[in-house]
Amino acid sequence: MKKVYVVTASINELKGLKELLARSKGNVNKIIIIDEGESLLRKRNERLFKEHEVNFYGPREREEWFKKRFGANYEKYLSIIPERCHAEISFGYLIAYEEGADVIIEIDDDVYPVENNDIILDHLYNLDNTLGMKVNSSNKWYNTLENLFLYFNAQLYPRGYPYGIRRNKVEYTWRMEGGECSLNMGLWIGCLDLDALTLILYSALDGRFYVKNGGLKRRKVIVDKGTYFPVCSMNTSFKREIIPAFYQLYMNFNGVDRYDDIWSGVFLKKIVDHLGDKMCLGAPLVYHDKRPRNVFSDLVKEIRGLELNEILWKLVNKVEIDGKTYLDAYRSLIEKLNRKTHYHNIINNYKKIINIQLEKMMLWTEVIDYIL
C-alpha cells in the first residue's frame with residue numbers, strides 16, 4: 001500500500017480539506033500543515049483532524065528543522081523557504097521526502113468536494129498505469145480549461161498560459177494511451193484560476209471569476225512530450241521521486257509573486273520529458289471557493305513577471321539537459337539556464353529575479369543531498 005501524505009499551506013481553518021478527506025475512502029498516512037504558528041488556529045485545525053496524524057510547521061518549527069540538520073549554516077538553507085506566501089509549501093515537500101512518502105497530495109485551503117468524488121483515490125488512479133487521452137499541441141501549450149465544460153461565450157486561459165500564443169490558432173492531436181504519471185493535476189469548478197489581467201478584463205475586481213460548469217470532459221489527459229501546461233498546485237498529486245526537481249520557486253522577491261507553481265511546473269515538464277516520464281491532469285474535480293481579494297494588488301505582484309513568463313518557457317524548451325535522475329537533471333537545467341540567460345537581452349532586465357531563482361534552486365538540491 002502506498003504511503004500517502006497530504007500537504008497544505010494555510011492561515012485559515014481547513015474546513016474544505018476536512019470535507020474532502022471525510023468523503024474519501026483512500027488512505028492518508030499523514031497531513032502536513034504549513035502555517036504561521038498562530039496557536040488558536042492550530043488548535044482549531046487539530047480538532048478538525050483529530051482522527052489523522054497531523055504535523056504543523058510554522059516559522060519556528062521550520063527554523064528548528066534547518067538548525068538541526070545544517071548547524072551554523074542553517075540560515076543559508078532556511079532562506080529557500082519564503083515567508084507568508086504560497087511557495088512556502090516547498091517545506092512540506094521536504095518533510096514528505098525525508099519521511100519516505102510515496103505520494104504527496106497538495107490541496108489548497110479554499111477547495112471543497114464536488115458531489116461524492118474521492119479525491120485521494122482519483123489522484124492515485126491517474127498517477128497509476130491507467131488509460132488516458134494523450135494530447136499534443138501545435139503551439140507547444142495545452143489550455144487545461146479545454147478539459148472542462150465551460151459555459152462561457154469567450155475563450156479563457158488559465159493563469160500562466162503565455163499571452164504571446166493566445167491569438168494563434170491551436171490544434172490538438174489526441175490519441176489513447178496508458179501509463180504511469182509522475183504528477184497529476186486535478187481540475188476545479190467554481191472560481192477559475194485566472195491571472196489578474198484577465199480578471200480585470202471581466203470586471204472581477206474582487207479576484208473571483210465564476211462560470212457555470214458541467215464537469216470534466218476526460219478523466220485523464222496525458223500531456224505529450226514537448227507540450228507544456230500551466231501547473232496550478234491547488235489540487236495536485238505527485239510521486240516522491242520528482243521532489244528533487246519540484247522546488248516551488250522563491251516568490252515575494254523584487255516585486256514578483258504568483259509564478260512559483262507556474263515556472264516550477266515548466267521546469268518539471270522539461271525534466272519529465274527528458275527522463276521519459278509523464279505528467280497528466282483531469283480528475284479529481286474540486287470546487288474552488290476563492291476568498292475575495294484585491295485584484296489590483298495581484299496585478300502588481302504579477303506584472304513584473306509577465307514579460308519573463310513569455311520568454312522563460314522558450315529558453316527552457318531550447319536547452320539540452322543531461323542526467324538520469326530528477327536531481328541530476330534539475331542541476332543540469334540550472335546550469336544550462338544560467339548560461340543561456342547571460343546571452344538573452346530581454347532576460348537581462350530580470351537578472352535579479354533569475355539569479356535568485358537559480359541560487360535557491362541549487363540550495364534546494366543541497367538540502368535534497370542531505371536528506372538522501
# chains A, B, ... in the order shown; residues from 1 in each chain; ligands from 1

call {"tool": "select_by_dssp", "arguments": {"residues": "region 90-177 of chain A", "states": "alpha helix (DSSP H)", "output": "ChimeraX atom specification"}}
result
/A:90-98,119-127

call {"tool": "closest_atom_pairs", "arguments": {"of": "region 151-213 of chain A", "to": "region 222-229 of chain A", "cutoff": "10 Å", "atoms": "only C-alpha atoms", "output": "CSV"}}
result
residue,atom,partner,partner_atom,distance
A:Pro158,CA,A:Phe229,CA,9.3
A:Gly160,CA,A:Phe229,CA,8.4
A:Tyr161,CA,A:Phe229,CA,7.2
A:Pro162,CA,A:Phe229,CA,9.8
A:Thr173,CA,A:Asp224,CA,9.6
A:Trp174,CA,A:Asp224,CA,9.5
A:Arg175,CA,A:Ile222,CA,9.6
A:Met176,CA,A:Ile222,CA,9.1
A:Glu177,CA,A:Ile222,CA,8.0
A:Gly178,CA,A:Ile222,CA,8.5
A:Gly179,CA,A:Ile222,CA,8.6
A:Glu180,CA,A:Ile222,CA,9.5
A:Cys181,CA,A:Ile222,CA,8.0
A:Asn184,CA,A:Ile222,CA,9.0

call {"tool": "write_last_selection", "arguments": {"atoms": "N, CA and C atoms", "output": "PDB file, in the first residue's frame"}}
result
ATOM      1  N   PRO A 158      -5.965  29.756 -18.462  1.00  0.00           N
ATOM      2  CA  PRO A 158      -5.599  29.757 -17.044  1.00  0.00           C
ATOM      3  C   PRO A 158      -4.375  30.620 -16.762  1.00  0.00           C
ATOM      4  N   GLY A 160      -0.864  31.746 -16.087  1.00  0.00           N
ATOM      5  CA  GLY A 160       0.402  31.172 -16.511  1.00  0.00           C
ATOM      6  C   GLY A 160       0.483  30.817 -17.980  1.00  0.00           C
ATOM      7  N   TYR A 161      -0.672  30.730 -18.666  1.00  0.00           N
ATOM      8  CA  TYR A 161      -0.655  30.431 -20.099  1.00  0.00           C
ATOM      9  C   TYR A 161      -0.130  31.657 -20.837  1.00  0.00           C
ATOM     10  N   PRO A 162       0.937  31.518 -21.634  1.00  0.00           N
ATOM     11  CA  PRO A 162       1.572  32.702 -22.247  1.00  0.00           C
ATOM     12  C   PRO A 162       0.601  33.506 -23.120  1.00  0.00           C
ATOM     13  N   THR A 173      -3.789  17.305 -31.083  1.00  0.00           N
ATOM     14  CA  THR A 173      -3.822  15.945 -31.616  1.00  0.00           C
ATOM     15  C   THR A 173      -3.995  14.987 -30.451  1.00  0.00           C
ATOM     16  N   TRP A 174      -4.980  14.103 -30.569  1.00  0.00           N
ATOM     17  CA  TRP A 174      -5.323  13.202 -29.471  1.00  0.00           C
ATOM     18  C   TRP A 174      -5.092  11.742 -29.865  1.00  0.00           C
ATOM     19  N   ARG A 175      -4.666  10.965 -28.879  1.00  0.00           N
ATOM     20  CA  ARG A 175      -4.635   9.507 -29.061  1.00  0.00           C
ATOM     21  C   ARG A 175      -4.749   8.842 -27.695  1.00  0.00           C
ATOM     22  N   MET A 176      -5.351   7.668 -27.671  1.00  0.00           N
ATOM     23  CA  MET A 176      -5.497   6.958 -26.404  1.00  0.00           C
ATOM     24  C   MET A 176      -4.178   6.292 -26.035  1.00  0.00           C
ATOM     25  N   GLU A 177      -3.814   6.427 -24.774  1.00  0.00           N
ATOM     26  CA  GLU A 177      -2.555   5.853 -24.312  1.00  0.00           C
ATOM     27  C   GLU A 177      -2.631   5.620 -22.809  1.00  0.00           C
ATOM     28  N   GLY A 178      -1.963   4.606 -22.342  1.00  0.00           N
ATOM     29  CA  GLY A 178      -1.881   4.347 -20.912  1.00  0.00           C
ATOM     30  C   GLY A 178      -0.523   4.743 -20.371  1.00  0.00           C
ATOM     31  N   GLY A 179      -0.366   4.600 -19.082  1.00  0.00           N
ATOM     32  CA  GLY A 179       0.935   4.863 -18.493  1.00  0.00           C
ATOM     33  C   GLY A 179       0.853   5.527 -17.134  1.00  0.00           C
ATOM     34  N   GLU A 180       1.906   5.294 -16.343  1.00  0.00           N
ATOM     35  CA  GLU A 180       2.023   5.965 -15.052  1.00  0.00           C
ATOM     36  C   GLU A 180       2.423   7.421 -15.259  1.00  0.00           C
ATOM     37  N   CYS A 181       2.031   8.252 -14.320  1.00  0.00           N
ATOM     38  CA  CYS A 181       2.382   9.668 -14.373  1.00  0.00           C
ATOM     39  C   CYS A 181       3.150  10.045 -13.115  1.00  0.00           C
ATOM     40  N   ASN A 184       0.046  14.456 -11.302  1.00  0.00           N
ATOM     41  CA  ASN A 184      -1.323  14.619 -11.785  1.00  0.00           C
ATOM     42  C   ASN A 184      -1.895  15.918 -11.218  1.00  0.00           C
TER      43      ASN A 184
END

call {"tool": "select_by_dssp", "arguments": {"residues": "region 123-268 of chain A", "states": "strand (DSSP E)", "output": "ChimeraX atom specification"}}
result
/A:130-137,148-150,172-179,183-191,210-211,213-216,220-223,235-239

call {"tool": "closest_residue", "arguments": {"among": "A:Trp364, A:Trp313, A:Tyr326, A:Tyr125", "to": "Trp141 (chain A)", "atoms": "only C-alpha atoms"}}
result
A:Trp313

call {"tool": "atom_distance", "arguments": {"atom1": "CA of Asp118 (chain A)", "atom2": "CA of Leu41 (chain A)"}}
result
26.7 Å

call {"tool": "closest_residue", "arguments": {"among": "A:Tyr97, A:Trp263, A:Phe246, A:Phe91", "to": "Leu308 (chain A)", "atoms": "only C-alpha atoms"}}
result
A:Trp263

call {"tool": "residues_around", "arguments": {"residues": "Ser203 (chain A)", "least_positions_apart": "5", "cutoff": "12 Å", "atoms": "only C-alpha atoms", "output": "PDB file with N, CA, C and O atoms, in the first residue's frame"}}
result
ATOM      1  N   ALA A 196      -4.432  38.152 -13.119  1.00  0.00           N
ATOM      2  CA  ALA A 196      -5.074  39.410 -12.723  1.00  0.00           C
ATOM      3  C   ALA A 196      -5.540  40.232 -13.923  1.00  0.00           C
ATOM      4  O   ALA A 196      -6.592  40.872 -13.876  1.00  0.00           O
ATOM      5  N   LEU A 197      -4.766  40.218 -15.018  1.00  0.00           N
ATOM      6  CA  LEU A 197      -5.183  40.970 -16.201  1.00  0.00           C
ATOM      7  C   LEU A 197      -6.518  40.464 -16.741  1.00  0.00           C
ATOM      8  O   LEU A 197      -7.396  41.252 -17.116  1.00  0.00           O
ATOM      9  N   THR A 198      -6.670  39.164 -16.800  1.00  0.00           N
ATOM     10  CA  THR A 198      -7.924  38.576 -17.279  1.00  0.00           C
ATOM     11  C   THR A 198      -9.070  38.905 -16.335  1.00  0.00           C
ATOM     12  O   THR A 198     -10.177  39.227 -16.777  1.00  0.00           O
ATOM     13  N   ARG A 208     -12.358  37.177  -8.136  1.00  0.00           N
ATOM     14  CA  ARG A 208     -13.087  35.917  -8.313  1.00  0.00           C
ATOM     15  C   ARG A 208     -13.872  35.948  -9.615  1.00  0.00           C
ATOM     16  O   ARG A 208     -14.590  36.904  -9.904  1.00  0.00           O
ATOM     17  N   PHE A 209     -13.738  34.882 -10.370  1.00  0.00           N
ATOM     18  CA  PHE A 209     -14.445  34.753 -11.639  1.00  0.00           C
ATOM     19  C   PHE A 209     -15.090  33.370 -11.688  1.00  0.00           C
ATOM     20  O   PHE A 209     -14.398  32.368 -11.775  1.00  0.00           O
ATOM     21  N   TYR A 210     -16.405  33.330 -11.586  1.00  0.00           N
ATOM     22  CA  TYR A 210     -17.132  32.068 -11.565  1.00  0.00           C
ATOM     23  C   TYR A 210     -17.798  31.821 -12.906  1.00  0.00           C
ATOM     24  O   TYR A 210     -18.293  32.748 -13.553  1.00  0.00           O
ATOM     25  N   ASN A 294      -8.031  41.818  -3.497  1.00  0.00           N
ATOM     26  CA  ASN A 294      -7.863  42.978  -4.362  1.00  0.00           C
ATOM     27  C   ASN A 294      -7.105  42.568  -5.618  1.00  0.00           C
ATOM     28  O   ASN A 294      -5.913  42.268  -5.565  1.00  0.00           O
ATOM     29  N   VAL A 295      -7.791  42.557  -6.749  1.00  0.00           N
ATOM     30  CA  VAL A 295      -7.171  42.092  -7.981  1.00  0.00           C
ATOM     31  C   VAL A 295      -6.058  43.028  -8.436  1.00  0.00           C
ATOM     32  O   VAL A 295      -5.103  42.601  -9.098  1.00  0.00           O
ATOM     33  N   PHE A 296      -6.130  44.307  -8.057  1.00  0.00           N
ATOM     34  CA  PHE A 296      -5.072  45.236  -8.440  1.00  0.00           C
ATOM     35  C   PHE A 296      -3.782  44.950  -7.671  1.00  0.00           C
ATOM     36  O   PHE A 296      -2.682  45.138  -8.203  1.00  0.00           O
TER      37      PHE A 296
END

call {"tool": "residues_around", "arguments": {"residues": "Ile368 (chain A)", "least_positions_apart": "6", "cutoff": "12 Å", "atoms": "only C-alpha atoms", "output": "list in words"}}
result
Arg69, Tyr77, Ser90, Phe91, Tyr93, Leu94, Ile95, Ala96, Tyr97, Glu98, Arg240, Glu241, Ile242, Ile243, Pro244, Ala245, Phe246, Tyr247, Tyr326, Leu327, Asp328, Tyr330, Arg331, Met361 and Met362 of chain A
